[in-house]
$ cat upload.cif   # mmCIF, C-alpha atoms, pLDDT in the B column; chains and numbers go by the auth columns
data_model
#
loop_
_atom_site.group_PDB
_atom_site.id
_atom_site.type_symbol
_atom_site.label_atom_id
_atom_site.label_comp_id
_atom_site.label_asym_id
_atom_site.label_seq_id
_atom_site.Cartn_x
_atom_site.Cartn_y
_atom_site.Cartn_z
_atom_site.B_iso_or_equiv
_atom_site.auth_seq_id
_atom_site.auth_asym_id
ATOM 1 C CA MET A 1 86.629 -43.409 26.162 56.00 1 B
ATOM 2 C CA THR A 2 85.827 -42.096 29.571 65.00 2 B
ATOM 3 C CA ALA A 3 83.620 -43.876 31.992 62.00 3 B
ATOM 4 C CA THR A 4 80.862 -41.964 33.679 65.00 4 B
ATOM 5 C CA HIS A 5 80.411 -42.864 37.298 59.00 5 B
ATOM 6 C CA THR A 6 77.026 -42.112 38.720 59.00 6 B
ATOM 7 C CA ARG A 7 76.168 -42.558 42.336 56.00 7 B
ATOM 8 C CA PRO A 8 72.842 -44.028 43.249 55.00 8 B
ATOM 9 C CA GLU A 9 70.305 -41.546 44.573 62.00 9 B
ATOM 10 C CA PRO A 10 70.253 -41.654 48.376 59.00 10 B
ATOM 11 C CA THR A 11 67.083 -43.007 49.910 65.00 11 B
ATOM 12 C CA ALA A 12 64.957 -41.160 52.439 68.00 12 B
ATOM 13 C CA LYS A 13 66.323 -43.425 55.187 64.00 13 B
ATOM 14 C CA GLN A 14 69.880 -42.515 54.242 66.00 14 B
ATOM 15 C CA GLU A 15 69.046 -38.822 54.244 70.00 15 B
ATOM 16 C CA TRP A 16 67.449 -39.075 57.706 70.00 16 B
ATOM 17 C CA ALA A 17 70.432 -41.038 58.997 68.00 17 B
ATOM 18 C CA THR A 18 72.838 -38.486 57.596 71.00 18 B
ATOM 19 C CA GLY A 19 70.763 -35.654 59.022 76.00 19 B
ATOM 20 C CA LEU A 20 70.799 -37.199 62.496 80.00 20 B
ATOM 21 C CA THR A 21 74.553 -37.703 62.306 80.00 21 B
ATOM 22 C CA VAL A 22 75.079 -34.081 61.270 83.00 22 B
ATOM 23 C CA PHE A 23 72.745 -33.017 64.109 85.00 23 B
ATOM 24 C CA ALA A 24 74.777 -35.060 66.583 85.00 24 B
ATOM 25 C CA ALA A 25 78.058 -33.653 65.234 88.00 25 B
ATOM 26 C CA VAL A 26 76.899 -30.050 65.499 90.00 26 B
ATOM 27 C CA MET A 27 75.392 -30.583 68.953 89.00 27 B
ATOM 28 C CA LEU A 28 78.547 -32.344 70.164 90.00 28 B
ATOM 29 C CA PHE A 29 80.601 -29.437 68.828 93.00 29 B
ATOM 30 C CA LEU A 30 78.394 -26.983 70.744 92.00 30 B
ATOM 31 C CA VAL A 31 78.475 -29.082 73.916 89.00 31 B
ATOM 32 C CA GLY A 32 82.262 -29.271 73.637 91.00 32 B
ATOM 33 C CA LEU A 33 82.599 -25.547 73.047 93.00 33 B
ATOM 34 C CA LEU A 34 80.318 -24.724 75.975 89.00 34 B
ATOM 35 C CA ASP A 35 82.193 -27.178 78.173 88.00 35 B
ATOM 36 C CA LEU A 36 85.440 -25.467 77.174 92.00 36 B
ATOM 37 C CA PHE A 37 84.000 -22.124 78.278 89.00 37 B
ATOM 38 C CA ARG A 38 82.696 -23.651 81.511 85.00 38 B
ATOM 39 C CA GLY A 39 86.131 -25.090 82.213 86.00 39 B
ATOM 40 C CA ILE A 40 87.796 -21.740 81.606 89.00 40 B
ATOM 41 C CA MET A 41 85.272 -20.039 83.909 85.00 41 B
ATOM 42 C CA ALA A 42 85.905 -22.550 86.684 80.00 42 B
ATOM 43 C CA ILE A 43 89.686 -22.255 86.357 84.00 43 B
ATOM 44 C CA ALA A 44 89.772 -18.449 86.122 84.00 44 B
ATOM 45 C CA GLU A 45 86.932 -17.362 88.422 73.00 45 B
ATOM 46 C CA ASP A 46 85.675 -19.711 91.116 65.00 46 B
ATOM 47 C CA ASP A 47 83.274 -17.157 92.578 64.00 47 B
ATOM 48 C CA ILE A 48 80.706 -17.341 89.737 63.00 48 B
ATOM 49 C CA PHE A 49 79.710 -20.854 90.808 64.00 49 B
ATOM 50 C CA VAL A 50 77.452 -21.766 93.698 60.00 50 B
ATOM 51 C CA THR A 51 79.271 -23.419 96.559 63.00 51 B
ATOM 52 C CA THR A 52 77.336 -25.911 98.615 64.00 52 B
ATOM 53 C CA ARG A 53 78.233 -27.667 101.811 66.00 53 B
ATOM 54 C CA ASP A 54 77.799 -31.329 102.578 65.00 54 B
ATOM 55 C CA TYR A 55 77.717 -32.511 98.975 64.00 55 B
ATOM 56 C CA VAL A 56 78.815 -36.116 98.527 62.00 56 B
ATOM 57 C CA PHE A 57 80.910 -35.395 95.405 63.00 57 B
ATOM 58 C CA GLU A 58 82.593 -32.261 96.693 64.00 58 B
ATOM 59 C CA PHE A 59 85.675 -31.390 94.652 68.00 59 B
ATOM 60 C CA ASP A 60 87.748 -28.294 94.085 72.00 60 B
ATOM 61 C CA LEU A 61 86.158 -26.045 91.438 73.00 61 B
ATOM 62 C CA THR A 62 89.491 -25.600 89.693 79.00 62 B
ATOM 63 C CA GLY A 63 89.720 -29.373 89.365 80.00 63 B
ATOM 64 C CA TRP A 64 86.219 -29.463 87.859 79.00 64 B
ATOM 65 C CA GLY A 65 87.325 -26.714 85.493 83.00 65 B
ATOM 66 C CA TRP A 66 90.167 -28.857 84.174 88.00 66 B
ATOM 67 C CA VAL A 67 87.826 -31.842 83.786 87.00 67 B
ATOM 68 C CA HIS A 68 85.318 -29.794 81.785 86.00 68 B
ATOM 69 C CA LEU A 69 88.075 -28.172 79.742 92.00 69 B
ATOM 70 C CA ALA A 70 89.508 -31.573 78.757 93.00 70 B
ATOM 71 C CA LEU A 71 86.078 -33.049 77.955 92.00 71 B
ATOM 72 C CA GLY A 72 85.199 -30.007 75.876 91.00 72 B
ATOM 73 C CA ALA A 73 88.394 -30.191 73.844 94.00 73 B
ATOM 74 C CA VAL A 74 87.923 -33.899 73.132 93.00 74 B
ATOM 75 C CA ALA A 75 84.244 -33.339 72.242 92.00 75 B
ATOM 76 C CA VAL A 76 85.173 -30.695 69.665 92.00 76 B
ATOM 77 C CA ILE A 77 87.741 -33.032 68.084 92.00 77 B
ATOM 78 C CA VAL A 78 85.296 -35.950 68.012 91.00 78 B
ATOM 79 C CA SER A 79 82.613 -33.781 66.384 90.00 79 B
ATOM 80 C CA VAL A 80 84.935 -33.308 63.409 87.00 80 B
ATOM 81 C CA GLY A 81 85.230 -37.100 63.159 84.00 81 B
ATOM 82 C CA LEU A 82 81.437 -37.336 63.127 84.00 82 B
ATOM 83 C CA LEU A 83 81.283 -35.004 60.141 82.00 83 B
ATOM 84 C CA LYS A 84 83.670 -37.369 58.350 79.00 84 B
ATOM 85 C CA VAL A 85 81.123 -40.177 58.984 72.00 85 B
ATOM 86 C CA SER A 86 83.658 -42.375 60.712 75.00 86 B
ATOM 87 C CA VAL A 87 82.849 -45.307 62.955 78.00 87 B
ATOM 88 C CA TRP A 88 85.411 -44.197 65.534 83.00 88 B
ATOM 89 C CA GLY A 89 83.671 -40.815 65.613 83.00 89 B
ATOM 90 C CA ARG A 90 80.301 -42.362 66.446 85.00 90 B
ATOM 91 C CA VAL A 91 81.734 -44.603 69.163 89.00 91 B
ATOM 92 C CA ALA A 92 83.818 -41.799 70.639 91.00 92 B
ATOM 93 C CA GLY A 93 80.845 -39.415 70.358 90.00 93 B
ATOM 94 C CA VAL A 94 78.672 -41.690 72.469 92.00 94 B
ATOM 95 C CA ALA A 95 81.508 -42.181 74.971 94.00 95 B
ATOM 96 C CA ILE A 96 82.282 -38.464 75.279 94.00 96 B
ATOM 97 C CA ALA A 97 78.602 -37.514 75.552 93.00 97 B
ATOM 98 C CA GLY A 98 78.279 -40.128 78.315 95.00 98 B
ATOM 99 C CA LEU A 99 81.286 -38.696 80.150 94.00 99 B
ATOM 100 C CA VAL A 100 79.847 -35.180 79.769 91.00 100 B
ATOM 101 C CA ILE A 101 76.607 -36.427 81.367 93.00 101 B
ATOM 102 C CA ILE A 102 78.519 -37.956 84.281 93.00 102 B
ATOM 103 C CA ALA A 103 80.698 -34.861 84.792 88.00 103 B
ATOM 104 C CA ASN A 104 77.681 -32.552 84.706 87.00 104 B
ATOM 105 C CA PHE A 105 75.773 -34.777 87.121 90.00 105 B
ATOM 106 C CA LEU A 106 78.664 -34.732 89.570 85.00 106 B
ATOM 107 C CA SER A 107 79.006 -30.946 89.307 80.00 107 B
ATOM 108 C CA LEU A 108 75.235 -30.355 89.483 81.00 108 B
ATOM 109 C CA PRO A 109 75.226 -28.332 92.735 78.00 109 B
ATOM 110 C CA TYR A 110 77.829 -25.879 91.426 75.00 110 B
ATOM 111 C CA TYR A 111 75.896 -24.807 88.302 78.00 111 B
ATOM 112 C CA PRO A 112 72.502 -26.571 88.445 82.00 112 B
ATOM 113 C CA VAL A 113 70.507 -25.206 85.509 87.00 113 B
ATOM 114 C CA TRP A 114 73.444 -25.333 83.129 85.00 114 B
ATOM 115 C CA SER A 115 74.286 -28.882 84.176 86.00 115 B
ATOM 116 C CA ILE A 116 70.722 -30.013 83.427 93.00 116 B
ATOM 117 C CA VAL A 117 70.836 -28.356 79.991 91.00 117 B
ATOM 118 C CA MET A 118 74.148 -30.065 79.189 89.00 118 B
ATOM 119 C CA ILE A 119 72.813 -33.433 80.373 93.00 119 B
ATOM 120 C CA ALA A 120 69.775 -33.063 78.110 93.00 120 B
ATOM 121 C CA LEU A 121 71.865 -32.042 75.079 90.00 121 B
ATOM 122 C CA SER A 122 74.243 -34.932 75.633 91.00 122 B
ATOM 123 C CA GLY A 123 71.288 -37.299 75.876 92.00 123 B
ATOM 124 C CA PHE A 124 70.064 -36.117 72.471 89.00 124 B
ATOM 125 C CA ILE A 125 73.554 -36.646 71.052 88.00 125 B
ATOM 126 C CA ILE A 126 73.677 -40.225 72.323 90.00 126 B
ATOM 127 C CA TRP A 127 70.206 -40.883 70.935 87.00 127 B
ATOM 128 C CA ALA A 128 71.073 -39.442 67.516 85.00 128 B
ATOM 129 C CA LEU A 129 74.266 -41.483 67.272 85.00 129 B
ATOM 130 C CA CYS A 130 72.737 -44.752 68.460 85.00 130 B
ATOM 131 C CA VAL A 131 69.541 -44.699 66.401 80.00 131 B
ATOM 132 C CA VAL A 132 71.343 -44.619 63.040 71.00 132 B
ATOM 133 C CA ARG A 133 72.648 -47.798 61.420 65.00 133 B
ATOM 134 C CA ARG A 134 76.009 -47.613 59.635 60.00 134 B
ATOM 135 C CA ASP A 135 74.681 -48.838 56.282 59.00 135 B
ATOM 136 C CA ASN A 136 72.133 -46.020 56.159 49.00 136 B
ATOM 137 C CA LEU A 137 74.713 -43.258 56.265 52.00 137 B
ATOM 138 C CA PHE A 138 75.421 -41.137 53.221 52.00 138 B
ATOM 139 C CA ASP A 139 79.046 -40.044 52.896 53.00 139 B
ATOM 140 C CA LEU A 140 79.262 -36.324 53.626 50.00 140 B
ATOM 141 C CA SER A 141 82.828 -35.965 52.399 49.00 141 B
ATOM 142 C CA GLU A 142 82.006 -36.615 48.737 52.00 142 B
ATOM 143 C CA GLU A 143 80.518 -33.691 46.914 47.00 143 B
ATOM 144 C CA ARG A 144 77.824 -34.259 44.349 45.00 144 B
ATOM 145 C CA PRO A 145 78.108 -32.542 40.999 40.00 145 B
ATOM 146 C CA LEU A 146 75.469 -29.898 40.434 38.00 146 B
ATOM 147 C CA SER A 147 73.790 -32.026 37.771 41.00 147 B
ATOM 148 C CA GLU A 148 73.075 -34.768 40.330 48.00 148 B
ATOM 149 C CA GLU A 149 71.501 -32.489 42.919 50.00 149 B
ATOM 150 C CA ARG A 150 67.775 -32.610 43.283 52.00 150 B
ATOM 151 C CA PRO A 151 65.829 -29.561 42.189 54.00 151 B
ATOM 152 C CA PRO A 152 64.511 -27.365 45.009 55.00 152 B
ATOM 153 C CA HIS A 153 61.205 -28.430 46.498 55.00 153 B
ATOM 154 C CA LYS A 154 58.325 -26.214 45.383 59.00 154 B
ATOM 155 C CA VAL A 155 55.790 -25.247 48.012 52.00 155 B
#

$ encode --input "upload.cif" --output "structure tokens"
Amino acid sequence: MTATHTRPEPTAKQEWATGLTVFAAVMLFLVGLLDLFRGIMAIAEDDIFVTTRDYVFEFDLTGWGWVHLALGAVAVIVSVGLLKVSVWGRVAGVAIAGLVIIANFLSLPYYPVWSIVMIALSGFIIWALCVVRRDNLFDLSEERPLSEERPPHKV
């Protein structure tokens, strides 16, 4: 005899929690990718950034490029961990998004509008990762058989 294992139907809370985690993972991936590009731009071409005098946190733009490049690479890696619904991914996601906020705040005069956009996106990532409780998450790595999927919603 074979045993049939059925998974309980996820609740609406679990689906919302999973949706927010996927949102955070995708947004963190995009923030990481955009930070990678920003780092490459700062390393390769310094003249596309605004240079200001008398800024308290004045650093070399190439140095900022390496900081953004490293943060972007780590953010992309952590976003994969978020899709695996791991606890380390959520903790690291909040930490990396926080570091991205700090780095973009410190480099605000060099690329002001973009820094504000990245700060806002990172804020949404932190919110999405912190609002969800662990027990509400639905495992994304397990695939449901077609017979267990819900029928499409009719309008």

$ resolve_selection --input "upload.cif" --expression "the PyMOL selection byres ((chain B and resi 23) around 12)" --output "NGL selection string"
:B and (16-22 or 24-30 or 79 or 82-83 or 121-122 or 124-129 or 132)

$ residues_around --input "upload.cif" --residues "Ile119 in chain B" --least-positions-apart "6" --cutoff "9 Å" --atoms "all atoms listed in the file" --output "ChimeraX atom specification"
/B:97-98,100-102,104-105

$ atom_distance --input "upload.cif" --atom1 "CA of Gly63 in chain B" --atom2 "CA of Leu99 in chain B"
15.6 Å

$ closest_residue --input "upload.cif" --among "B:Val31, B:Leu69, B:Ala92, B:Val76" --to "Gly123 in chain B" --atoms "all atoms listed in the file"
B:Val31

$ closest_residue --input "upload.cif" --among "B:Ala70, B:Val78, B:Ser115, B:Asp35" --to "Val94 in chain B" --atoms "only C-alpha atoms"
B:Val78

$ resolve_selection --input "upload.cif" --expression "the PyMOL selection byres ((chain B and resi 62) around 9)" --output "list in words"
Gly39, Ala42, Ile43, Ala44, Glu45, Asp46, Phe59, Asp60, Leu61, Gly63, Trp64, Gly65, Trp66 and Val67 of chain B

$ write_last_selection --input "upload.cif" --atoms "C-alpha atoms" --output "tab-separated table (two decimals), keeping the file's coordinate frame"
chain	number	residue	atom	x	y	z
B	39	GLY	CA	86.13	-25.09	82.21
B	42	ALA	CA	85.90	-22.55	86.68
B	43	ILE	CA	89.69	-22.26	86.36
B	44	ALA	CA	89.77	-18.45	86.12
B	45	GLU	CA	86.93	-17.36	88.42
B	46	ASP	CA	85.68	-19.71	91.12
B	59	PHE	CA	85.68	-31.39	94.65
B	60	ASP	CA	87.75	-28.29	94.08
B	61	LEU	CA	86.16	-26.04	91.44
B	63	GLY	CA	89.72	-29.37	89.36
B	64	TRP	CA	86.22	-29.46	87.86
B	65	GLY	CA	87.32	-26.71	85.49
B	66	TRP	CA	90.17	-28.86	84.17
B	67	VAL	CA	87.83	-31.84	83.79

$ closest_residue --input "upload.cif" --among "B:Leu33, B:Cys130, B:Ile40, B:Val74" --to "Val87 in chain B" --atoms "only C-alpha atoms"
B:Cys130

$ closest_residue --input "upload.cif" --among "B:Val117, B:Ile96, B:Leu71, B:Leu108" --to "Phe37 in chain B" --atoms "all atoms listed in the file"
B:Leu71

$ atom_distance --input "upload.cif" --atom1 "CA of Arg90 in chain B" --atom2 "CA of Glu15 in chain B"
17.0 Å

$ atom_distance --input "upload.cif" --atom1 "CA of Trp114 in chain B" --atom2 "CA of Ala73 in chain B"
18.3 Å

$ closest_residue --input "upload.cif" --among "B:Val131, B:Val91, B:Met41, B:His68" --to "Ser107 in chain B" --atoms "all atoms listed in the file"
B:His68
